[in-house]
Amino acid sequence: LILGLAYKKNIGDTRESPSLNIIDKLINLGAKVDYSDPYIFDFPKTRKYKIDLKSVKLTSTVINSYEIVVLITDHDFFDYDMIKKNAKKIIDTRGRFSPGSKIIRA
């Protein structure tokens, strides 16, 4: 599960967002990928990306259903305590979580 599609927090702009490329690469590697972004409900169609995904609503059950949660855009909207409590493994690219046994900073 990718958290954040926007290129920076609290906006709905995906131009130059690393999330698009990361999602594309993961899908090409055969991974099942979803994303959650409160500002971007449908994955943007671009010349380079034609991925048919819609933002998923974050709940404890949804978060727990993924092997890995990757925080790419640290929107203030996200409930970080709930994410940390329910995720099996978190890859934190924004430094929002304290390092721990299930948190990898990247």
# chains A, B, ... in the order shown; residues from 1 in each chain; ligands from 1

$ residues_around --residues "A:Pro18" --least-positions-apart "3" --cutoff "8 Å" --atoms "only C-alpha atoms" --output "CSV table (one decimal) with all heavy atoms, in the first residue's frame"
chain,number,residue,atom,x,y,z
A,7,TYR,N,3.0,15.0,-5.1
A,7,TYR,CA,4.5,15.2,-5.1
A,7,TYR,C,4.9,15.9,-3.8
A,7,TYR,O,6.1,15.8,-3.4
A,7,TYR,CB,5.0,15.9,-6.3
A,7,TYR,CG,4.9,17.4,-6.3
A,7,TYR,CD1,6.0,18.2,-5.9
A,7,TYR,CD2,3.7,18.1,-6.6
A,7,TYR,CE1,5.9,19.6,-5.9
A,7,TYR,CE2,3.6,19.4,-6.6
A,7,TYR,CZ,4.7,20.2,-6.2
A,7,TYR,OH,4.6,21.5,-6.2
A,21,ASN,N,6.1,6.6,-10.5
A,21,ASN,CA,7.2,5.7,-11.0
A,21,ASN,C,7.3,4.5,-10.1
A,21,ASN,O,7.5,3.4,-10.6
A,21,ASN,CB,8.5,6.5,-11.0
A,21,ASN,CG,9.6,5.7,-11.7
A,21,ASN,OD1,9.3,4.9,-12.7
A,21,ASN,ND2,10.8,5.9,-11.3
A,22,ILE,N,7.2,4.7,-8.8
A,22,ILE,CA,7.3,3.5,-7.8
A,22,ILE,C,6.2,2.5,-8.0
A,22,ILE,O,6.4,1.3,-8.1
A,22,ILE,CB,7.4,4.1,-6.4
A,22,ILE,CG1,8.7,4.8,-6.1
A,22,ILE,CG2,7.2,2.9,-5.4
A,22,ILE,CD1,8.7,5.6,-4.9
A,72,ILE,N,5.1,7.7,1.2
A,72,ILE,CA,5.8,8.5,0.2
A,72,ILE,C,5.5,10.0,0.3
A,72,ILE,O,6.3,10.8,0.3
A,72,ILE,CB,5.6,8.0,-1.2
A,72,ILE,CG1,6.1,6.6,-1.4
A,72,ILE,CG2,6.2,8.9,-2.3
A,72,ILE,CD1,5.9,5.9,-2.7

$ residues_around --residues "A:Ile11" --least-positions-apart "5" --cutoff "9 Å" --atoms "only C-alpha atoms" --output "ChimeraX atom specification"
/A:6,39-40,75

$ atom_distance --atom1 "atom CA of A:Ile51" --atom2 "atom CA of A:Leu5"
12.7 Å

$ closest_residue --among "A:Thr93, A:Pro38, A:Tyr80, A:Val62" --to "A:Ser19" --atoms "only C-alpha atoms"
A:Thr93

$ residues_around --residues "stretch 65-67 of chain A" --least-positions-apart "3" --cutoff "10 Å" --atoms "only C-alpha atoms" --output "list in words"
Leu1, Ile2, Lys32, Val33, Asp34, Thr59, Ser60, Thr61, Val62, Asn86, Ala87, Lys88, Lys89 and Ile90 of chain A

$ write_last_selection --atoms "N, CA, C and O atoms" --output "short mmCIF file (atom, residue, chain, number, x, y, z; two decimals), in the first residue's frame"
data_model
loop_
_atom_site.label_atom_id
_atom_site.label_comp_id
_atom_site.auth_asym_id
_atom_site.auth_seq_id
_atom_site.Cartn_x
_atom_site.Cartn_y
_atom_site.Cartn_z
N LEU A 1 0.85 -1.18 0.00
CA LEU A 1 0.00 0.00 0.00
C LEU A 1 0.89 1.23 0.00
O LEU A 1 1.74 1.39 0.88
N ILE A 2 0.70 2.08 -0.98
CA ILE A 2 1.44 3.33 -1.08
C ILE A 2 0.61 4.43 -0.42
O ILE A 2 -0.56 4.62 -0.77
N LYS A 32 1.02 -6.66 -6.13
CA LYS A 32 -0.33 -6.09 -6.03
C LYS A 32 -0.17 -4.76 -5.30
O LYS A 32 0.32 -4.72 -4.17
N VAL A 33 -0.55 -3.68 -5.96
CA VAL A 33 -0.32 -2.35 -5.42
C VAL A 33 -1.63 -1.58 -5.36
O VAL A 33 -2.42 -1.60 -6.30
N ASP A 34 -1.83 -0.89 -4.25
CA ASP A 34 -2.90 0.08 -4.11
C ASP A 34 -2.29 1.34 -3.51
O ASP A 34 -1.14 1.32 -3.06
N THR A 59 -8.38 2.32 6.78
CA THR A 59 -8.97 1.82 8.01
C THR A 59 -7.97 0.84 8.60
O THR A 59 -7.03 0.41 7.91
N SER A 60 -8.15 0.46 9.84
CA SER A 60 -7.24 -0.50 10.45
C SER A 60 -7.25 -1.82 9.69
O SER A 60 -6.20 -2.43 9.47
N THR A 61 -8.41 -2.26 9.25
CA THR A 61 -8.52 -3.51 8.50
C THR A 61 -7.81 -3.41 7.15
O THR A 61 -7.10 -4.34 6.75
N VAL A 62 -7.99 -2.31 6.46
CA VAL A 62 -7.33 -2.12 5.16
C VAL A 62 -5.82 -2.13 5.35
O VAL A 62 -5.09 -2.84 4.65
N ASN A 86 -1.42 -0.68 13.03
CA ASN A 86 -2.03 -1.74 12.22
C ASN A 86 -1.18 -2.27 11.07
O ASN A 86 -1.50 -3.31 10.52
N ALA A 87 -0.12 -1.56 10.72
CA ALA A 87 0.72 -2.02 9.60
C ALA A 87 1.63 -3.16 10.05
O ALA A 87 2.13 -3.16 11.18
N LYS A 88 1.85 -4.11 9.15
CA LYS A 88 2.78 -5.20 9.44
C LYS A 88 4.22 -4.72 9.30
O LYS A 88 5.09 -5.06 10.09
N LYS A 89 4.48 -3.93 8.26
CA LYS A 89 5.80 -3.37 7.99
C LYS A 89 5.60 -2.02 7.32
O LYS A 89 4.74 -1.88 6.47
N ILE A 90 6.41 -1.02 7.72
CA ILE A 90 6.31 0.32 7.15
C ILE A 90 7.66 0.71 6.58
O ILE A 90 8.69 0.59 7.26
#

$ closest_residue --among "A:Ser17, A:Asn10, A:Asn28, A:Ser55" --to "A:Phe41" --atoms "only C-alpha atoms"
A:Ser55
